[in-house]
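For reference, the structure is listed below as structure tokens.
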Amino acid sequence: MTSPDHPLDQQLHAQLAAFLQDTDDGAIRTLQDGLAWQELPAGGVLMREGEPGDAMYVLVSGRLRVSIAGADGRLRTVREITRGQVVGEMSLITDAPRSATLVAVRDSVLARLDRPGFDELLRRHPAVSMALTRQIIARLQTQGRDQRPDRPVVVALVPLGGRVDAAAARRLADGVAAELSRHGRVAQVDAASLAAHMGLPPGDDAESARRMAVALDGIEAAHDVVLLLADAAPTAWTRCCARQGDEVLLLAHADDDPAPGAIEQACRLAGDDGRPAPASVLVLLQPAGRLGPRDTARWLAPRRLRAHVHLRENDAAGVARLGRLVGRRGVGLVLSGGGARGAAHVGVFRALCERGVPVDAIAGTSMGAVLGAVMAFDLTAPTVQDTFARHFAANPTGDWTLLPLLSLVKGARLRAMMEQTEQRFGGGTGLGIEDLWKPYACIATNVSRASEVVLSSGPLVPAVMASCAIPGALPPVLVDGELLCDGGVLNNFPVDAMRATWGIGRVIGVDLGLGTPRRLDFEAMPTPWQLLRDRLRPRPRRRYRLPSLPNYLMNVTALHGIARQRAAVQEADLVVRPAMPRIGMLEWRRYAEAAQQGYEDACRALDAAGIGPGGEGGLGRLG
């Protein structure tokens, strides 16, 4: 170990004291004397799932990502380890293989205790055994629960050059820091300020790297978030930022060459060479007057990214949204399916906008996917309302097919509606989901594989059409040789998809449901001829209050998804349930009534949650 006066040694002692709680100082010193320093670079693997355990570790500085292998062999991140935590002790106690793979998110410093030292420690100080047992029990108690995403502590902003100059990067860093500082202490660090702090400029040698790590660790200890602003060149400081960031924001201009450039290659930020890359988010600056992003897939293809964000130049609202997402305080809006009842989503969106509640990402199923896609173009509430007033007046499911071999409705009107929308608000047709201003996902059911699929990339219109392709009512959609149909079959309220979206910490859902159950006042089902004669009577004189065939298909198809929806409601922070017992799933002419009902019920729900005008202040109550 280092000398007792070394900052890292002092930090380790404080962490051990916090971990061992009431344990006497002698046990802490025994443990500390048996530890050996181990440095792990960003992307380095500390342990692999299935390997035998030969040591335990204390994470002194840095961050580790914990992943387990799924049934398909792919690693799934389950949590992150922050400084002061102990890992690897369970294998030493149980002699079982490692239960997970641990990878360094950024340059990390650990203290290692091998098995002989561990056994000697437990023999001499039983209190340490109790402390380890408490940690294992706490871990097992939370195992299997859905974990909210860990907030990054050190965020690196790396400008990739080209049209992005130092001034643009500084403005963005200032805006993100301003948003983050609303909820904690934020430090901005660039090469000059770090050099002043250390007394010498950043360098590439081992000693300089160690000095930078210690200096940054001290800054981190005094702040909730540290925002590193890299140089617009592959300097020693830029490489340090790439290694030290829990999360790296890659800042580029949409009109530059999308191929990874010198900075990404020097700092191994693209992840296109098979080596571990930091958790990176691409921030694409779009010209202020551009209607919508295009060809985003060309930027995403050569990189391994956690997410991407579109920003208009000099857009304060967009920068604030990025700050919320970085701080894991983004607000996600989840819209359920419900046919014509989906007009209520428009009213809810209007209420959120009027209360100042930001919508940072959208996920939807069926008609919720249709309305959500339009909202993801970053439109105002009046524009969304006017757009759907015209579309619903045209009866989007009124193009009945004369030969219903596959579906009762052709679906051409609905497709034309979406194509007109992307042309008007996106500047062309053939847009990808990744070209929307806000993160968006919709749910479909893969008939070929009998599984749910979350569509968050690829062509927009086919994805939306697949999400609302109710079996029997609308034709299925062919995507990559497989049939997709309505997402409401399996997941009508995709809160889980929103929870998995980068940066989202709070979820507002709109649950349309099936309405109030209604008992029928006749004992036997009518014959087709009786039903036909009854349908020819004026509505008030009809005896058989039965749904039409399309309505029946839509309701029955969604039963499984709605049963799952009841459980999903518990995972949302705020749920709006518009009361529309008499509005059918195909009553498009009642758009204004449904939208107004959604607005009024949303206002009541927001009032009950303490979110009044200027709503962001009340959002802390949501989670």
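Ordering of the structure tokens sets the chain letters (A, B, ...), residue numbers begin anew at 1 in every chain, and ligands are numbered from 1 in the order given.
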
Review point. Using the chain letters and numbers from this document, which residues of region 29-106 of chain A does DSSP assign to strand (DSSP E or B), as a PyMOL selection string?
Key: chain A and resi 36-40+45-47+55-69+75-82+86-87+101-106

Among the residues of region 54-291 of chain A, find those DSSP assigns to helix (DSSP H, G or I) from the backbone and print them as a short mmCIF file (atom, residue, chain, number, x, y, z; two decimals) with N, CA and C atoms, in the first residue's frame.
data_model
loop_
_atom_site.label_atom_id
_atom_site.label_comp_id
_atom_site.auth_asym_id
_atom_site.auth_seq_id
_atom_site.Cartn_x
_atom_site.Cartn_y
_atom_site.Cartn_z
N GLU A 89 -16.76 -10.57 -2.73
CA GLU A 89 -16.66 -11.28 -1.46
C GLU A 89 -17.53 -12.54 -1.42
N MET A 90 -18.62 -12.56 -2.20
CA MET A 90 -19.53 -13.70 -2.13
C MET A 90 -18.85 -14.99 -2.59
N SER A 91 -18.03 -14.91 -3.64
CA SER A 91 -17.32 -16.10 -4.12
C SER A 91 -16.34 -16.62 -3.08
N LEU A 92 -15.71 -15.72 -2.31
CA LEU A 92 -14.78 -16.15 -1.27
C LEU A 92 -15.51 -16.85 -0.13
N ILE A 93 -16.72 -16.39 0.17
CA ILE A 93 -17.48 -16.98 1.28
C ILE A 93 -18.09 -18.32 0.88
N THR A 94 -18.63 -18.40 -0.35
CA THR A 94 -19.37 -19.59 -0.77
C THR A 94 -18.57 -20.56 -1.62
N ARG A 115 -7.48 -14.53 -1.17
CA ARG A 115 -8.16 -15.48 -0.31
C ARG A 115 -7.43 -15.73 1.02
N PRO A 116 -6.11 -15.96 1.02
CA PRO A 116 -5.45 -16.18 2.32
C PRO A 116 -5.64 -15.01 3.28
N GLY A 117 -5.48 -13.79 2.77
CA GLY A 117 -5.67 -12.62 3.62
C GLY A 117 -7.11 -12.50 4.10
N PHE A 118 -8.05 -12.88 3.24
CA PHE A 118 -9.47 -12.84 3.60
C PHE A 118 -9.76 -13.82 4.73
N ASP A 119 -9.25 -15.04 4.60
CA ASP A 119 -9.48 -16.05 5.64
C ASP A 119 -8.87 -15.62 6.98
N GLU A 120 -7.67 -15.04 6.93
CA GLU A 120 -7.02 -14.58 8.15
C GLU A 120 -7.80 -13.43 8.79
N LEU A 121 -8.34 -12.54 7.97
CA LEU A 121 -9.12 -11.41 8.48
C LEU A 121 -10.36 -11.91 9.22
N LEU A 122 -11.09 -12.86 8.63
CA LEU A 122 -12.29 -13.37 9.28
C LEU A 122 -11.95 -14.11 10.57
N ARG A 123 -10.79 -14.81 10.59
CA ARG A 123 -10.41 -15.54 11.79
C ARG A 123 -10.11 -14.58 12.95
N ARG A 124 -9.44 -13.47 12.65
CA ARG A 124 -9.02 -12.55 13.71
C ARG A 124 -10.11 -11.55 14.08
N PRO A 126 -14.13 -11.35 13.71
CA PRO A 126 -15.47 -11.82 13.30
C PRO A 126 -16.41 -10.68 12.92
N ALA A 127 -16.20 -9.48 13.44
CA ALA A 127 -17.08 -8.35 13.10
C ALA A 127 -17.07 -8.06 11.61
N VAL A 128 -15.93 -8.31 10.96
CA VAL A 128 -15.86 -8.10 9.51
C VAL A 128 -16.79 -9.05 8.79
N SER A 129 -16.89 -10.28 9.29
CA SER A 129 -17.79 -11.26 8.71
C SER A 129 -19.23 -10.77 8.79
N MET A 130 -19.62 -10.15 9.90
CA MET A 130 -20.97 -9.62 10.04
C MET A 130 -21.23 -8.49 9.05
N ALA A 131 -20.24 -7.63 8.84
CA ALA A 131 -20.41 -6.54 7.88
C ALA A 131 -20.60 -7.07 6.47
N LEU A 132 -19.81 -8.09 6.11
CA LEU A 132 -19.96 -8.69 4.78
C LEU A 132 -21.32 -9.36 4.64
N THR A 133 -21.79 -10.02 5.71
CA THR A 133 -23.09 -10.69 5.67
C THR A 133 -24.21 -9.67 5.45
N ARG A 134 -24.11 -8.51 6.11
CA ARG A 134 -25.12 -7.47 5.92
C ARG A 134 -25.17 -7.02 4.47
N GLN A 135 -24.00 -6.86 3.86
CA GLN A 135 -23.98 -6.42 2.47
C GLN A 135 -24.60 -7.46 1.55
N ILE A 136 -24.29 -8.73 1.77
CA ILE A 136 -24.83 -9.79 0.91
C ILE A 136 -26.35 -9.86 1.05
N ILE A 137 -26.84 -9.76 2.30
CA ILE A 137 -28.29 -9.81 2.52
C ILE A 137 -28.97 -8.64 1.81
N ALA A 138 -28.41 -7.44 1.94
CA ALA A 138 -29.00 -6.28 1.27
C ALA A 138 -29.02 -6.46 -0.23
N ARG A 139 -27.96 -7.06 -0.78
CA ARG A 139 -27.91 -7.28 -2.22
C ARG A 139 -28.95 -8.29 -2.67
N LEU A 140 -29.12 -9.37 -1.90
CA LEU A 140 -30.10 -10.40 -2.25
C LEU A 140 -31.52 -9.87 -2.14
N GLN A 141 -31.76 -8.98 -1.18
CA GLN A 141 -33.10 -8.43 -1.01
C GLN A 141 -33.54 -7.59 -2.20
N THR A 142 -32.59 -6.96 -2.87
CA THR A 142 -32.93 -6.12 -4.03
C THR A 142 -32.72 -6.84 -5.35
N ALA A 166 -14.64 25.32 -30.07
CA ALA A 166 -14.53 25.35 -28.61
C ALA A 166 -15.64 26.19 -27.99
N ALA A 167 -16.05 27.26 -28.67
CA ALA A 167 -17.09 28.14 -28.13
C ALA A 167 -18.43 27.39 -28.06
N ALA A 168 -18.75 26.62 -29.10
CA ALA A 168 -20.00 25.86 -29.11
C ALA A 168 -20.01 24.81 -28.00
N ALA A 169 -18.87 24.15 -27.82
CA ALA A 169 -18.77 23.14 -26.76
C ALA A 169 -18.92 23.79 -25.39
N ARG A 170 -18.32 24.96 -25.21
CA ARG A 170 -18.41 25.66 -23.93
C ARG A 170 -19.86 26.07 -23.64
N ARG A 171 -20.56 26.58 -24.65
CA ARG A 171 -21.95 26.98 -24.44
C ARG A 171 -22.81 25.79 -24.02
N LEU A 172 -22.58 24.65 -24.68
CA LEU A 172 -23.36 23.47 -24.34
C LEU A 172 -23.02 23.00 -22.92
N ALA A 173 -21.74 23.00 -22.57
CA ALA A 173 -21.34 22.59 -21.23
C ALA A 173 -21.96 23.50 -20.18
N ASP A 174 -21.98 24.80 -20.43
CA ASP A 174 -22.58 25.74 -19.48
C ASP A 174 -24.07 25.46 -19.32
N GLY A 175 -24.76 25.18 -20.43
CA GLY A 175 -26.20 24.91 -20.35
C GLY A 175 -26.52 23.63 -19.61
N VAL A 176 -25.76 22.57 -19.89
CA VAL A 176 -25.97 21.29 -19.20
C VAL A 176 -25.67 21.45 -17.71
N ALA A 177 -24.57 22.15 -17.40
CA ALA A 177 -24.20 22.35 -15.99
C ALA A 177 -25.28 23.15 -15.26
N ALA A 178 -25.87 24.12 -15.93
CA ALA A 178 -26.92 24.92 -15.30
C ALA A 178 -28.13 24.06 -14.95
N GLU A 179 -28.49 23.15 -15.82
CA GLU A 179 -29.62 22.26 -15.54
C GLU A 179 -29.27 21.29 -14.41
N LEU A 180 -28.08 20.71 -14.45
CA LEU A 180 -27.68 19.76 -13.42
C LEU A 180 -27.55 20.44 -12.06
N SER A 181 -27.14 21.71 -12.03
CA SER A 181 -26.93 22.40 -10.76
C SER A 181 -28.23 22.69 -10.04
N ARG A 182 -29.36 22.50 -10.70
CA ARG A 182 -30.65 22.68 -10.02
C ARG A 182 -30.88 21.59 -8.99
N HIS A 183 -30.11 20.51 -9.08
CA HIS A 183 -30.35 19.37 -8.19
C HIS A 183 -29.08 18.92 -7.46
N ALA A 191 -9.01 21.72 -19.29
CA ALA A 191 -7.57 21.51 -19.16
C ALA A 191 -6.90 22.60 -18.35
N ALA A 192 -7.34 23.85 -18.57
CA ALA A 192 -6.72 24.97 -17.87
C ALA A 192 -7.00 24.92 -16.38
N SER A 193 -8.26 24.66 -16.01
CA SER A 193 -8.60 24.65 -14.58
C SER A 193 -7.95 23.47 -13.87
N LEU A 194 -7.81 22.32 -14.54
CA LEU A 194 -7.15 21.18 -13.91
C LEU A 194 -5.66 21.46 -13.74
N ALA A 195 -5.04 22.10 -14.74
CA ALA A 195 -3.62 22.45 -14.64
C ALA A 195 -3.38 23.39 -13.46
N ALA A 196 -4.30 24.35 -13.28
CA ALA A 196 -4.17 25.27 -12.14
C ALA A 196 -4.33 24.52 -10.82
N HIS A 197 -5.20 23.54 -10.81
CA HIS A 197 -5.45 22.76 -9.59
C HIS A 197 -4.25 21.88 -9.25
N MET A 198 -3.61 21.28 -10.28
CA MET A 198 -2.49 20.37 -10.04
C MET A 198 -1.15 21.09 -9.93
N ALA A 206 2.69 8.13 -17.05
CA ALA A 206 1.97 7.42 -16.00
C ALA A 206 1.79 8.29 -14.76
N GLU A 207 2.83 9.02 -14.38
CA GLU A 207 2.75 9.84 -13.18
C GLU A 207 1.73 10.97 -13.35
N SER A 208 1.71 11.57 -14.53
CA SER A 208 0.74 12.63 -14.80
C SER A 208 -0.69 12.08 -14.78
N ALA A 209 -0.86 10.91 -15.37
CA ALA A 209 -2.19 10.28 -15.37
C ALA A 209 -2.65 10.01 -13.95
N ARG A 210 -1.71 9.56 -13.08
CA ARG A 210 -2.07 9.29 -11.69
C ARG A 210 -2.42 10.59 -10.97
N ARG A 211 -1.64 11.63 -11.22
CA ARG A 211 -1.92 12.92 -10.59
C ARG A 211 -3.30 13.45 -11.03
N MET A 212 -3.62 13.30 -12.32
CA MET A 212 -4.93 13.76 -12.79
C MET A 212 -6.05 12.97 -12.13
N ALA A 213 -5.85 11.66 -11.99
CA ALA A 213 -6.87 10.82 -11.38
C ALA A 213 -7.12 11.23 -9.93
N VAL A 214 -6.02 11.49 -9.19
CA VAL A 214 -6.17 11.89 -7.80
C VAL A 214 -6.84 13.26 -7.70
N ALA A 215 -6.43 14.20 -8.58
CA ALA A 215 -7.01 15.54 -8.55
C ALA A 215 -8.50 15.48 -8.87
N LEU A 216 -8.86 14.73 -9.88
CA LEU A 216 -10.28 14.61 -10.24
C LEU A 216 -11.07 13.90 -9.16
N ASP A 217 -10.43 12.96 -8.49
CA ASP A 217 -11.13 12.26 -7.42
C ASP A 217 -11.44 13.21 -6.27
N GLY A 218 -10.51 14.13 -5.99
CA GLY A 218 -10.77 15.12 -4.95
C GLY A 218 -11.90 16.06 -5.34
N ILE A 219 -11.94 16.47 -6.60
CA ILE A 219 -13.04 17.33 -7.08
C ILE A 219 -14.36 16.57 -7.00
N GLU A 220 -14.33 15.30 -7.38
CA GLU A 220 -15.55 14.48 -7.34
C GLU A 220 -16.08 14.35 -5.92
N ALA A 221 -15.18 14.21 -4.95
CA ALA A 221 -15.60 14.02 -3.56
C ALA A 221 -16.36 15.24 -3.04
N ALA A 236 -3.68 14.99 -24.49
CA ALA A 236 -3.62 14.18 -23.28
C ALA A 236 -4.84 14.41 -22.41
N TRP A 237 -5.31 15.67 -22.35
CA TRP A 237 -6.49 15.97 -21.54
C TRP A 237 -7.74 15.33 -22.14
N THR A 238 -7.88 15.35 -23.45
CA THR A 238 -9.04 14.72 -24.08
C THR A 238 -9.03 13.22 -23.82
N ARG A 239 -7.86 12.60 -23.89
CA ARG A 239 -7.79 11.16 -23.61
C ARG A 239 -8.13 10.88 -22.14
N CYS A 240 -7.71 11.78 -21.26
CA CYS A 240 -8.05 11.63 -19.84
C CYS A 240 -9.57 11.72 -19.65
N CYS A 241 -10.21 12.68 -20.31
CA CYS A 241 -11.67 12.82 -20.21
C CYS A 241 -12.38 11.55 -20.67
N ALA A 242 -11.90 10.98 -21.77
CA ALA A 242 -12.52 9.77 -22.29
C ALA A 242 -12.38 8.61 -21.32
N ARG A 243 -11.25 8.55 -20.61
CA ARG A 243 -11.02 7.46 -19.66
C ARG A 243 -11.78 7.68 -18.36
N GLN A 244 -11.93 8.93 -17.94
CA GLN A 244 -12.48 9.21 -16.62
C GLN A 244 -14.00 9.38 -16.60
N ALA A 262 -10.35 11.54 -35.94
CA ALA A 262 -9.10 11.34 -35.22
C ALA A 262 -9.31 11.29 -33.71
N ILE A 263 -10.21 12.13 -33.19
CA ILE A 263 -10.40 12.17 -31.74
C ILE A 263 -10.99 10.86 -31.25
N GLU A 264 -12.02 10.37 -31.92
CA GLU A 264 -12.65 9.11 -31.51
C GLU A 264 -11.67 7.94 -31.61
N GLN A 265 -10.89 7.95 -32.66
CA GLN A 265 -9.94 6.85 -32.84
C GLN A 265 -8.84 6.90 -31.79
N ALA A 266 -8.32 8.08 -31.51
CA ALA A 266 -7.24 8.19 -30.53
C ALA A 266 -7.72 7.85 -29.12
N CYS A 267 -8.98 8.17 -28.85
CA CYS A 267 -9.53 7.93 -27.50
C CYS A 267 -10.36 6.66 -27.43
#

Exercise for review: Identify which of the residues A:Val334, A:Leu31, A:Val384, A:Ile81 lies closest to Arg506 (chain A), counting only C-alpha atoms when measuring atom-to-atom distances.
Suggested key: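 Closest residue, counting only C-alpha atoms: A:Val334.
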
**Study point:** Surrounding residues of Thr445 (chain A) excluding itself and chain neighbours under 4 positions, 10 Å, only C-alpha atoms, as a PyMOL selection string
**Key:** chain A and resi 449-454+466-470+476+483-491

Practice item. Rank A:Gly73, A:Gln286, A:Ala18, A:Asp54 by their smallest atom-to-atom distance to Ala96 (chain A), using only C-alpha atoms, and report the top residue only. Key: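 Answer, going by the shortest atom-to-atom distance: A:Asp54.
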
So which residues touch region 402-406 of chain A within 10 Å, counting only C-alpha atoms, skipping near sequence neighbours fewer than 4 positions away, as a tab-separated table (two decimals) with all heavy atoms, in the first residue's frame?
chain	number	residue	atom	x	y	z
A	410	LYS	N	-58.16	-1.69	-45.17
A	410	LYS	CA	-56.96	-1.68	-46.00
A	410	LYS	C	-55.76	-1.07	-45.25
A	410	LYS	O	-54.62	-1.51	-45.43
A	410	LYS	CB	-57.20	-0.89	-47.27
A	410	LYS	CG	-58.25	-1.48	-48.20
A	410	LYS	CD	-58.44	-0.58	-49.41
A	410	LYS	CE	-59.53	-1.11	-50.33
A	410	LYS	NZ	-59.76	-0.19	-51.48
A	471	PRO	N	-54.94	-7.45	-35.39
A	471	PRO	CA	-55.24	-8.67	-36.16
A	471	PRO	C	-56.71	-8.73	-36.58
A	471	PRO	O	-57.61	-8.56	-35.76
A	471	PRO	CB	-54.90	-9.80	-35.18
A	471	PRO	CG	-53.87	-9.22	-34.28
A	471	PRO	CD	-54.26	-7.78	-34.11
A	472	GLY	N	-56.92	-8.94	-37.85
A	472	GLY	CA	-58.27	-9.02	-38.39
A	472	GLY	C	-58.82	-7.69	-38.83
A	472	GLY	O	-59.64	-7.62	-39.75
A	473	ALA	N	-58.39	-6.61	-38.19
A	473	ALA	CA	-58.90	-5.29	-38.53
A	473	ALA	C	-57.98	-4.58	-39.52
A	473	ALA	O	-58.44	-4.02	-40.51
A	473	ALA	CB	-59.06	-4.45	-37.27
A	474	LEU	N	-56.67	-4.60	-39.27
A	474	LEU	CA	-55.69	-3.96	-40.15
A	474	LEU	C	-54.67	-5.00	-40.59
A	474	LEU	O	-54.36	-5.93	-39.83
A	474	LEU	CB	-55.00	-2.81	-39.43
A	474	LEU	CG	-55.83	-1.54	-39.23
A	474	LEU	CD1	-55.25	-0.68	-38.12
A	474	LEU	CD2	-55.91	-0.74	-40.52
A	475	PRO	N	-54.13	-4.87	-41.80
A	475	PRO	CA	-53.19	-5.89	-42.29
A	475	PRO	C	-51.88	-5.87	-41.52
A	475	PRO	O	-51.41	-4.80	-41.09
A	475	PRO	CB	-52.98	-5.49	-43.75
A	475	PRO	CG	-53.30	-4.04	-43.82
A	475	PRO	CD	-54.37	-3.81	-42.80
A	476	PRO	N	-51.24	-7.03	-41.31
A	476	PRO	CA	-49.93	-7.05	-40.66
A	476	PRO	C	-48.88	-6.39	-41.55
A	476	PRO	O	-49.12	-6.16	-42.75
A	476	PRO	CB	-49.66	-8.54	-40.47
A	476	PRO	CG	-50.45	-9.21	-41.54
A	476	PRO	CD	-51.68	-8.37	-41.71

Review point. So how many Å separate CA of Leu113 (chain A) and CA of Leu12 (chain A), to one decimal?
Key: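 CA of Leu113 (chain A) sits 13.1 Å away from CA of Leu12 (chain A).
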